[in-house]
$ cat input-v2.csv   # CSV, C-alpha atoms
chain,number,residue,atom,x,y,z
O,1,MET,CA,23.3,15.1,44.4
O,2,LEU,CA,21.4,11.9,43.7
O,3,ILE,CA,22.7,8.8,45.3
O,4,ILE,CA,21.7,6.1,42.9
O,5,TYR,CA,24.4,3.5,43.2
O,6,ASN,CA,25.5,1.1,45.8
O,7,LYS,CA,28.2,-1.4,45.0
O,8,ASN,CA,26.5,-4.1,47.1
O,9,MET,CA,23.3,-3.7,45.1
O,10,LYS,CA,24.9,-3.8,41.6
O,11,ASN,CA,22.6,-6.6,40.3
O,12,ASP,CA,19.4,-5.4,42.0
O,13,THR,CA,16.9,-5.0,39.1
O,14,TRP,CA,15.4,-2.0,40.8
O,15,ILE,CA,18.9,-0.3,40.7
O,16,ILE,CA,19.2,-1.3,37.0
O,17,GLN,CA,15.9,0.2,36.1
O,18,LEU,CA,16.6,3.3,38.1
O,19,ARG,CA,20.0,3.7,36.4
O,20,LYS,CA,18.5,3.2,33.0
O,21,GLY,CA,16.3,6.3,33.4
O,22,VAL,CA,19.1,8.3,35.1
O,23,PHE,CA,21.6,7.5,32.3
O,24,GLU,CA,19.4,9.3,29.8
O,25,LEU,CA,19.5,12.4,32.0
O,26,ALA,CA,23.2,12.1,32.6
O,27,ILE,CA,23.9,11.9,28.9
O,28,LEU,CA,21.5,14.8,28.2
O,29,SER,CA,23.3,16.8,30.9
O,30,LEU,CA,26.6,16.2,29.2
O,31,ILE,CA,25.6,17.0,25.6
O,32,ASN,CA,23.7,20.0,27.0
O,33,ILE,CA,27.2,21.6,27.6
O,34,ARG,CA,28.5,20.9,24.1
O,35,PRO,CA,28.1,18.2,21.3
O,36,MET,CA,30.0,15.1,22.3
O,37,TYR,CA,30.8,11.7,20.7
O,38,GLY,CA,30.2,8.2,22.2
O,39,TYR,CA,33.7,7.6,23.6
O,40,GLU,CA,33.8,11.1,25.1
O,41,ILE,CA,30.5,10.6,26.8
O,42,THR,CA,31.5,7.1,28.1
O,43,SER,CA,34.7,8.5,29.5
O,44,ALA,CA,32.9,11.4,31.2
O,45,LEU,CA,30.4,9.1,32.7
O,46,ASN,CA,33.1,6.6,33.9
O,47,ASN,CA,34.7,9.4,35.8
O,48,ILE,CA,31.7,9.3,38.2
O,49,PRO,CA,31.4,6.0,40.1
O,50,ALA,CA,27.6,6.1,40.0
O,51,PHE,CA,27.6,6.2,36.2
O,52,GLU,CA,30.1,3.5,35.4
O,53,ILE,CA,29.1,2.0,32.1
O,54,ALA,CA,30.6,-0.7,29.8
O,55,ASN,CA,32.2,0.6,26.6
O,56,GLY,CA,29.6,0.3,23.9
O,57,SER,CA,26.5,0.2,26.2
O,58,ILE,CA,26.1,3.9,25.6
O,59,TYR,CA,24.9,3.4,22.0
O,60,PRO,CA,21.5,1.9,22.7
O,61,ILE,CA,20.8,4.9,25.0
O,62,LEU,CA,22.0,7.4,22.4
O,63,LYS,CA,19.8,5.7,19.9
O,64,ARG,CA,16.8,6.1,22.2
O,65,LEU,CA,17.6,9.8,22.7
O,66,THR,CA,17.7,10.4,19.0
O,67,LYS,CA,14.6,8.3,18.4
O,68,ASN,CA,12.8,10.5,21.0
O,69,ASN,CA,14.1,13.6,19.2
O,70,TRP,CA,15.9,14.7,22.4
O,71,ALA,CA,19.2,14.7,20.6
O,72,ILE,CA,20.4,14.9,17.0
O,73,SER,CA,23.6,13.4,15.6
O,74,PHE,CA,26.1,14.4,13.0
O,75,TRP,CA,29.4,13.0,11.7
O,76,GLU,CA,32.7,14.9,11.8
O,77,ASP,CA,36.2,14.0,10.7
O,78,SER,CA,38.8,13.2,13.3
O,79,ILE,CA,42.5,14.0,12.8
O,80,ASP,CA,43.9,10.7,13.9
O,81,GLY,CA,41.2,8.2,13.4
O,82,PRO,CA,37.8,7.3,11.9
O,83,LYS,CA,35.0,9.8,11.7
O,84,ARG,CA,33.2,10.6,14.9
O,85,LYS,CA,29.5,10.8,15.4
O,86,TYR,CA,28.6,13.7,17.6
O,87,TYR,CA,25.4,14.1,19.6
O,88,GLN,CA,23.8,17.5,20.3
O,89,ILE,CA,20.8,18.2,22.5
O,90,THR,CA,17.6,19.5,20.9
O,91,LYS,CA,15.2,22.1,22.3
O,92,GLU,CA,12.9,19.2,23.2
O,93,GLY,CA,15.8,17.4,24.9
O,94,SER,CA,16.6,20.5,27.0
O,95,LYS,CA,13.0,20.8,28.0
O,96,VAL,CA,12.9,17.1,29.1
O,97,LEU,CA,16.2,17.5,30.9
O,98,LYS,CA,15.0,20.5,32.9
O,99,GLU,CA,11.6,18.9,33.8
O,100,ARG,CA,13.0,15.6,34.8
O,101,MET,CA,15.8,17.0,36.8
O,102,GLU,CA,13.2,19.0,38.8
O,103,GLU,CA,11.1,15.8,39.2
O,104,TYR,CA,14.2,13.9,40.4
O,105,LYS,CA,15.1,16.6,42.9
O,106,GLN,CA,11.5,16.7,44.3
O,107,VAL,CA,11.5,12.9,44.7
O,108,TYR,CA,15.0,13.0,46.3
O,109,ASP,CA,14.1,15.8,48.7
O,110,ALA,CA,10.9,14.0,49.6
O,111,LEU,CA,12.8,10.8,50.3
O,112,MET,CA,15.4,12.6,52.4
O,113,LEU,CA,12.6,14.3,54.4
O,114,LEU,CA,10.9,10.9,55.0
O,115,GLY,CA,14.2,9.5,56.1
O,116,LYS,CA,14.7,12.3,58.6
O,117,GLU,CA,11.2,12.2,59.9
O,118,GLY,CA,11.3,8.4,60.1
O,119,LYS,CA,14.4,8.7,62.3
O,120,GLN,CA,12.7,11.3,64.5
O,121,VAL,CA,9.6,9.2,65.0
O,122,ASP,CA,11.7,6.2,65.7
O,123,ASN,CA,13.7,8.1,68.4
O,124,LYS,CA,10.5,9.3,70.0
O,125,GLY,CA,9.1,5.8,70.0
H,1,MET,CA,52.2,5.1,16.8
H,2,ILE,CA,49.0,3.2,16.1
H,3,THR,CA,47.3,4.0,12.8
H,4,LYS,CA,43.7,3.4,11.6
H,5,ASP,CA,44.9,0.9,9.0
H,6,ASN,CA,47.1,-1.3,11.2
H,7,PHE,CA,44.5,-1.3,14.0
H,8,PHE,CA,41.6,-2.3,11.9
H,9,SER,CA,43.6,-4.9,10.0
H,10,ASN,CA,44.2,-6.8,13.2
H,11,SER,CA,42.4,-10.2,13.2
H,12,LEU,CA,40.9,-9.7,16.7
H,13,ILE,CA,39.4,-6.4,15.8
H,14,LYS,CA,38.2,-7.7,12.4
H,15,SER,CA,36.6,-10.7,14.0
H,16,TYR,CA,34.9,-8.5,16.6
H,17,ILE,CA,33.5,-6.1,13.9
H,18,ASN,CA,32.3,-9.1,11.8
H,19,ASP,CA,30.6,-10.7,14.7
H,20,LEU,CA,28.9,-7.5,15.6
H,21,ASN,CA,27.8,-7.0,12.0
H,22,GLU,CA,26.3,-10.5,11.9
H,23,HIS,CA,24.5,-10.0,15.1
H,24,LEU,CA,23.0,-6.8,13.9
H,25,ASN,CA,21.7,-8.3,10.6
H,26,LYS,CA,18.1,-7.6,11.5
H,27,LEU,CA,18.8,-3.9,11.1
H,28,PRO,CA,18.4,-2.0,7.8
H,29,PRO,CA,21.9,-1.9,6.1
H,30,ASP,CA,22.3,1.9,6.6
H,31,GLU,CA,21.5,1.7,10.3
H,32,ARG,CA,23.8,-1.2,10.8
H,33,ARG,CA,26.6,0.6,9.0
H,34,GLN,CA,26.1,3.7,11.2
H,35,HIS,CA,26.4,1.6,14.3
H,36,ILE,CA,29.5,-0.3,13.1
H,37,LEU,CA,31.2,3.0,12.1
H,38,GLU,CA,30.5,4.4,15.5
H,39,ILE,CA,31.8,1.4,17.3
H,40,GLU,CA,34.9,1.4,15.2
H,41,SER,CA,35.5,5.0,16.1
H,42,HIS,CA,35.0,4.1,19.8
H,43,LEU,CA,37.4,1.2,19.6
H,44,PHE,CA,40.1,3.3,18.0
H,45,SER,CA,39.7,6.1,20.6
H,46,ILE,CA,40.2,3.6,23.4
H,47,ALA,CA,43.3,2.2,21.5
H,48,VAL,CA,44.8,5.7,21.2
H,49,ASP,CA,44.3,6.3,25.0
H,50,LYS,CA,45.7,2.9,25.9
H,51,GLU,CA,48.8,3.6,23.7
H,52,LYS,CA,49.3,6.9,25.6
H,53,GLU,CA,49.2,4.8,28.8
H,54,GLY,CA,52.1,2.8,27.5
H,55,ILE,CA,50.5,-0.3,26.2
H,56,SER,CA,52.4,-1.8,23.2
H,57,ILE,CA,50.8,-1.7,19.8
H,58,ASN,CA,50.7,-5.6,19.6
H,59,GLN,CA,48.7,-5.8,22.8
H,60,LEU,CA,46.3,-2.9,22.0
H,61,PRO,CA,43.5,-4.9,20.2
H,62,GLN,CA,43.3,-7.4,23.1
H,63,GLU,CA,43.3,-4.7,25.8
H,64,VAL,CA,40.7,-2.6,23.9
H,65,LEU,CA,38.3,-5.5,23.5
H,66,LYS,CA,38.7,-6.5,27.2
H,67,GLU,CA,36.9,-3.2,28.0
H,68,PHE,CA,34.2,-3.6,25.5
H,69,SER,CA,30.9,-5.5,25.7
H,70,SER,CA,30.9,-8.8,23.7
H,71,PRO,CA,29.4,-8.5,20.2
H,72,ASN,CA,26.3,-10.5,21.1
H,73,ILE,CA,25.5,-8.5,24.3
H,74,LEU,CA,26.2,-5.2,22.5
H,75,ALA,CA,24.1,-6.2,19.5
H,76,SER,CA,21.2,-7.4,21.7
H,77,GLU,CA,21.3,-4.0,23.6
H,78,ILE,CA,21.2,-2.1,20.3
H,79,LEU,CA,18.5,-4.4,18.8
H,80,SER,CA,16.3,-3.9,21.9
H,81,GLU,CA,16.0,-0.2,20.8
H,82,TYR,CA,14.7,-1.3,17.4
H,83,GLU,CA,12.3,-4.0,18.8
H,84,GLU,CA,9.2,-2.2,17.7
H,85,ASP,CA,10.6,-1.5,14.2
H,86,ILE,CA,11.8,-5.1,13.8
H,87,GLN,CA,8.4,-6.4,14.9
H,88,ARG,CA,6.6,-4.1,12.5
H,89,GLU,CA,8.9,-5.2,9.6
H,90,ASP,CA,8.4,-8.9,10.5
H,91,ASN,CA,4.6,-8.4,10.6
H,92,LYS,CA,4.7,-6.6,7.2
H,93,LYS,CA,6.7,-9.5,5.7
H,94,SER,CA,4.4,-12.1,7.2
H,95,LEU,CA,1.3,-10.3,5.8
H,96,GLN,CA,2.9,-10.2,2.4
H,97,LEU,CA,3.8,-13.9,2.4
H,98,PHE,CA,0.3,-14.7,3.8
H,99,SER,CA,-1.3,-12.7,0.9
H,100,TYR,CA,0.8,-14.5,-1.7
H,101,SER,CA,0.1,-17.9,-0.1
H,102,THR,CA,-3.7,-17.5,0.1
H,103,SER,CA,-3.9,-15.9,-3.4
H,104,LEU,CA,-2.1,-18.9,-4.9
H,105,SER,CA,-4.0,-21.4,-2.8
H,106,ILE,CA,-7.6,-20.0,-3.2
H,107,GLY,CA,-6.9,-18.7,-6.8
H,108,GLY,CA,-5.5,-22.1,-7.8
H,109,PHE,CA,-8.4,-24.0,-6.3
H,110,GLY,CA,-11.0,-21.6,-7.8
H,111,ALA,CA,-9.6,-22.0,-11.3
H,112,PHE,CA,-10.5,-25.7,-11.1
H,113,ALA,CA,-14.2,-24.6,-11.5
H,114,VAL,CA,-13.6,-23.5,-15.1
H,115,PRO,CA,-13.9,-27.0,-16.7
H,116,ILE,CA,-17.5,-27.1,-15.4
H,117,ALA,CA,-18.4,-24.2,-17.7
H,118,TYR,CA,-16.4,-25.6,-20.7
H,119,ASN,CA,-17.6,-29.1,-20.2
H,120,LEU,CA,-14.0,-30.4,-20.8
H,121,ILE,CA,-10.8,-30.4,-18.9
H,122,ASN,CA,-7.5,-29.4,-20.4
H,123,LEU,CA,-4.9,-30.9,-18.1
H,124,SER,CA,-1.9,-28.9,-19.4
H,125,ALA,CA,-3.8,-25.7,-19.0
H,126,MET,CA,-4.8,-26.7,-15.4
H,127,LEU,CA,-1.2,-27.6,-14.5
H,128,PRO,CA,-0.1,-24.0,-13.4
H,129,PHE,CA,-3.2,-23.7,-11.2
H,130,PHE,CA,-2.5,-27.1,-9.7
H,131,LEU,CA,1.1,-26.0,-8.9
H,132,ALA,CA,-0.2,-22.7,-7.5
H,133,LEU,CA,-2.5,-24.6,-5.2
H,134,ILE,CA,0.2,-26.9,-4.0
H,135,ILE,CA,2.8,-24.1,-3.5
H,136,GLY,CA,0.2,-21.8,-1.8
H,137,ASN,CA,-0.7,-24.5,0.7
H,138,LEU,CA,2.9,-25.4,1.4
H,139,MET,CA,3.7,-21.8,2.1
H,140,LEU,CA,0.7,-21.5,4.4
H,141,VAL,CA,1.7,-24.6,6.4
H,142,PHE,CA,5.5,-24.4,6.4
H,143,GLY,CA,6.2,-20.7,5.5
H,144,LYS,CA,7.9,-18.4,8.1
H,145,LEU,CA,4.8,-16.6,9.1
H,146,ASP,CA,4.3,-14.8,12.4
H,147,TRP,CA,0.8,-16.0,13.2
H,148,ASN,CA,-0.3,-13.1,15.3
H,149,SER,CA,-3.9,-12.2,16.0
H,150,TYR,CA,-4.2,-10.0,12.9
H,151,LEU,CA,-3.0,-12.7,10.5
H,152,LEU,CA,-5.3,-15.3,12.1
H,153,LYS,CA,-8.2,-12.9,11.8
H,154,ARG,CA,-7.4,-12.5,8.1
H,155,PHE,CA,-7.1,-16.3,7.7
H,156,LYS,CA,-10.5,-16.7,9.3
H,157,LYS,CA,-12.0,-14.3,6.8
H,158,ILE,CA,-10.3,-16.3,3.9
H,159,ILE,CA,-11.9,-19.5,5.2
H,160,ALA,CA,-15.3,-17.8,4.9
H,161,PHE,CA,-14.7,-17.7,1.1
H,162,ARG,CA,-16.0,-21.2,0.8
H,163,ASN,CA,-19.4,-20.1,-0.2
H,164,TYR,CA,-18.0,-17.8,-2.9
H,165,ILE,CA,-16.0,-20.7,-4.3
H,166,LEU,CA,-19.2,-22.9,-4.3
H,167,GLY,CA,-21.0,-19.9,-6.0
H,168,ILE,CA,-18.4,-19.8,-8.7
H,169,ALA,CA,-18.8,-23.6,-9.3
H,170,PHE,CA,-22.6,-23.4,-9.5
H,171,GLY,CA,-22.3,-20.3,-11.7
H,172,ALA,CA,-20.0,-22.2,-14.1
H,173,PHE,CA,-22.5,-25.0,-14.2
H,174,ALA,CA,-25.3,-22.4,-15.0
H,175,ILE,CA,-23.1,-21.0,-17.8
H,176,GLN,CA,-22.6,-24.5,-19.2
H,177,ILE,CA,-26.4,-25.0,-19.3
H,178,ILE,CA,-27.1,-21.6,-20.8
H,179,PHE,CA,-24.6,-22.0,-23.7
H,180,SER,CA,-25.1,-25.7,-24.5
H,181,HIS,CA,-28.9,-25.7,-23.8
H,182,LYS,CA,-28.5,-29.1,-22.0
H,183,VAL,CA,-27.1,-30.7,-18.9
H,184,ASN,CA,-23.8,-32.4,-19.7
H,185,SER,CA,-23.0,-35.5,-17.6
H,186,PHE,CA,-19.3,-34.5,-17.5
H,187,SER,CA,-20.2,-31.1,-15.9
H,188,VAL,CA,-22.6,-32.7,-13.4
H,189,TYR,CA,-20.0,-35.3,-12.2
H,190,TYR,CA,-17.3,-32.7,-12.2
H,191,LEU,CA,-19.5,-30.3,-10.2
H,192,ILE,CA,-20.2,-33.0,-7.6
H,193,ILE,CA,-16.5,-33.9,-7.3
H,194,TYR,CA,-15.7,-30.2,-7.1
H,195,VAL,CA,-18.2,-29.5,-4.4
H,196,ILE,CA,-16.9,-32.4,-2.3
H,197,CYS,CA,-13.3,-31.2,-2.9
H,198,THR,CA,-14.3,-27.7,-1.8
H,199,PHE,CA,-15.6,-29.0,1.5
H,200,ILE,CA,-12.4,-31.1,2.0
H,201,TYR,CA,-10.2,-28.2,1.0
H,202,PHE,CA,-11.8,-25.7,3.4
H,203,GLU,CA,-11.8,-28.3,6.2
H,204,PHE,CA,-8.1,-28.5,5.5
H,205,LEU,CA,-7.8,-24.7,5.8
H,206,LYS,CA,-9.7,-24.8,9.0
H,207,TYR,CA,-7.4,-27.4,10.4
H,208,VAL,CA,-4.4,-25.3,9.5
H,209,TYR,CA,-6.1,-22.3,11.1
H,210,ASN,CA,-6.7,-24.2,14.4
H,211,LYS,CA,-3.2,-25.6,14.4
H,212,LYS,CA,-1.7,-22.1,13.9
H,213,ASN,CA,-4.0,-20.6,16.4
H,214,ASN,CA,-2.9,-23.1,19.1
H,215,GLU,CA,0.7,-22.5,18.5
H,216,LYS,CA,0.3,-18.7,18.1
H,217,PRO,CA,3.7,-17.1,19.3
H,218,SER,CA,2.7,-13.5,19.8
H,219,GLN,CA,-0.2,-11.1,20.1
H,220,GLY,CA,-0.7,-8.0,18.1

$ encode --input "input-v2.csv" --output "C-alpha cells"
Amino acid sequence: MLIIYNKNMKNDTWIIQLRKGVFELAILSLINIRPMYGYEITSALNNIPAFEIANGSIYPILKRLTKNNWAISFWEDSIDGPKRKYYQITKEGSKVLKERMEEYKQVYDALMLLGKEGKQVDNKG
Amino acid sequence: MITKDNFFSNSLIKSYINDLNEHLNKLPPDERRQHILEIESHLFSIAVDKEKEGISINQLPQEVLKEFSSPNILASEILSEYEEDIQREDNKKSLQLFSYSTSLSIGGFGAFAVPIAYNLINLSAMLPFFLALIIGNLMLVFGKLDWNSYLLKRFKKIIAFRNYILGIAFGAFAIQIIFSHKVNSFSVYYLIIYVICTFIYFEFLKYVYNKKNNEKPSQG
C-alpha cells in the first residue's frame, strides 16, 4: 500500500500535489469495480484516512476524468431523491489506471529500497 | 421522513444552491445545470444518511452544509477545471468586440474621405459615420477587452492601415479632378485637413496601443 498521507503534513503543498494525482487513481479504482455516483465515491474514499476529501471536492476531479475520456457519466433515477449521475470507467481509463498503478508501485518500491539501503549505509558508517 | 420537496424548500439549502449557481455563472448554462443537479443529489444523499443517524429533520440542512465545501470554494475548484475553456471563450469574445470596435472606428474615419470626391459635405449623411467613429474608439479604449499578445498584434496591423486611408483620400481627390476636370478649392482644403486628421487619428491609435501594451494582463 502507498503511504501518502501524514496528519502532521496536511498543508504541505507537496502532499497536496501528490494527493491530487493519487485521487484520480483512487476514483478510477473505485469506478473500475462498478459505476458509482459522487456521494458514493466520496463515502468510499472517506472510509480510508489517506483519502479523506471534503464533500463536493470530488466533482472537479470527476470532471477532469470525463474531460480526459477516462470515465463517462450517465444519469439514473433514484427511488428516494433527485437523479444521480453515475461514473463509469472507459477502456482508456482502465489502461491509464493499470499503467499508473504500476508506475506508483515501482516508485514506491524504489523509495522503500532506498530507505532500507540508506539505513544500512548509516549503520555501517 | 425527509422528502426531496421539503429538503430543497429549506432556505439554507436554497441559498447555498443559489450562491453556487451565481459563482458558476462563467460556465455554459447546461454545464452549470449539470453541476447543480449533481450537488443537489449529493446534498440530499447526505441528508438521508444523517437522518438515519438520528438527526432531526429541522437540523438536517444545517448539518449537511457543515460537511460541504462553501459555495465559493467549491465553485472555484470546479471552475479551475474549465480554466482553458473559459479563457478560450473570453479570447473569442474579446476578438469579436475588437473586430467591431476597429471596423466602426476605421470604417467611420475612412468614410470621411468621401466628400473629397463629391466636392461637398452632407453633414446629415456623415452623422452615422461620425457616431461609428466615436463609438468604435470608446469601445477600443473602455471596452472589456482581454489585451493579450494576439489582440495587440492585430491592433498593430490595424495601425498600419494609415497608408491605405491616405491612399483612399488621395484617390478620392483624383476622382474629383477626373470628373470635374478642375481642382476645386473645397476638395483641396478638405484633403489637407483630412490628411492632418489621419495623422492625428493614427497617433491616437498608437497611443491606445502603447497604453494597452503596457497594461497587458495576460499572454497568449

$ atom_distance --input "input-v2.csv" --atom1 "atom CA of O:Gln88" --atom2 "atom CA of O:Ile31"
5.6 Å

$ interface_residues --input "input-v2.csv" --of "chain H" --to "chain O" --cutoff "10 Å" --atoms "only C-alpha atoms" --output "NGL selection string"
:H and (2-5 or 34-35 or 37-46 or 48 or 64-71 or 73-82)

$ atom_distance --input "input-v2.csv" --atom1 "atom CA of H:Ser56" --atom2 "atom CA of H:Lys14"
18.8 Å

$ atom_distance --input "input-v2.csv" --atom1 "atom CA of H:Ala172" --atom2 "atom CA of H:Ser103"
20.3 Å

$ closest_residue --input "input-v2.csv" --among "H:Val183, H:Ala174, H:Ile121, H:Ala160" --to "H:Phe199" --atoms "all atoms listed in the file"
H:Ala160

$ residues_around --input "input-v2.csv" --residues "stretch 95-99 of chain O" --least-positions-apart "3" --cutoff "8 Å" --atoms "all atoms listed in the file" --output "number ranges by chain"
O: 25, 28-29, 70, 91-92, 102-103

$ residues_around --input "input-v2.csv" --residues "stretch 90-92 of chain H" --least-positions-apart "4" --cutoff "9 Å" --atoms "only C-alpha atoms" --output "short mmCIF file (atom, residue, chain, number, x, y, z; two decimals) with C-alpha atoms, in the frame of the given file"
data_model
loop_
_atom_site.label_atom_id
_atom_site.label_comp_id
_atom_site.auth_asym_id
_atom_site.auth_seq_id
_atom_site.Cartn_x
_atom_site.Cartn_y
_atom_site.Cartn_z
CA ASP H 85 10.60 -1.50 14.20
CA ILE H 86 11.80 -5.10 13.80
CA GLN H 96 2.90 -10.20 2.40
CA LEU H 97 3.80 -13.90 2.40
CA LEU H 145 4.80 -16.60 9.10
CA ASP H 146 4.30 -14.80 12.40
CA TRP H 147 0.80 -16.00 13.20
CA ASN H 148 -0.30 -13.10 15.30
CA LEU H 151 -3.00 -12.70 10.50
#
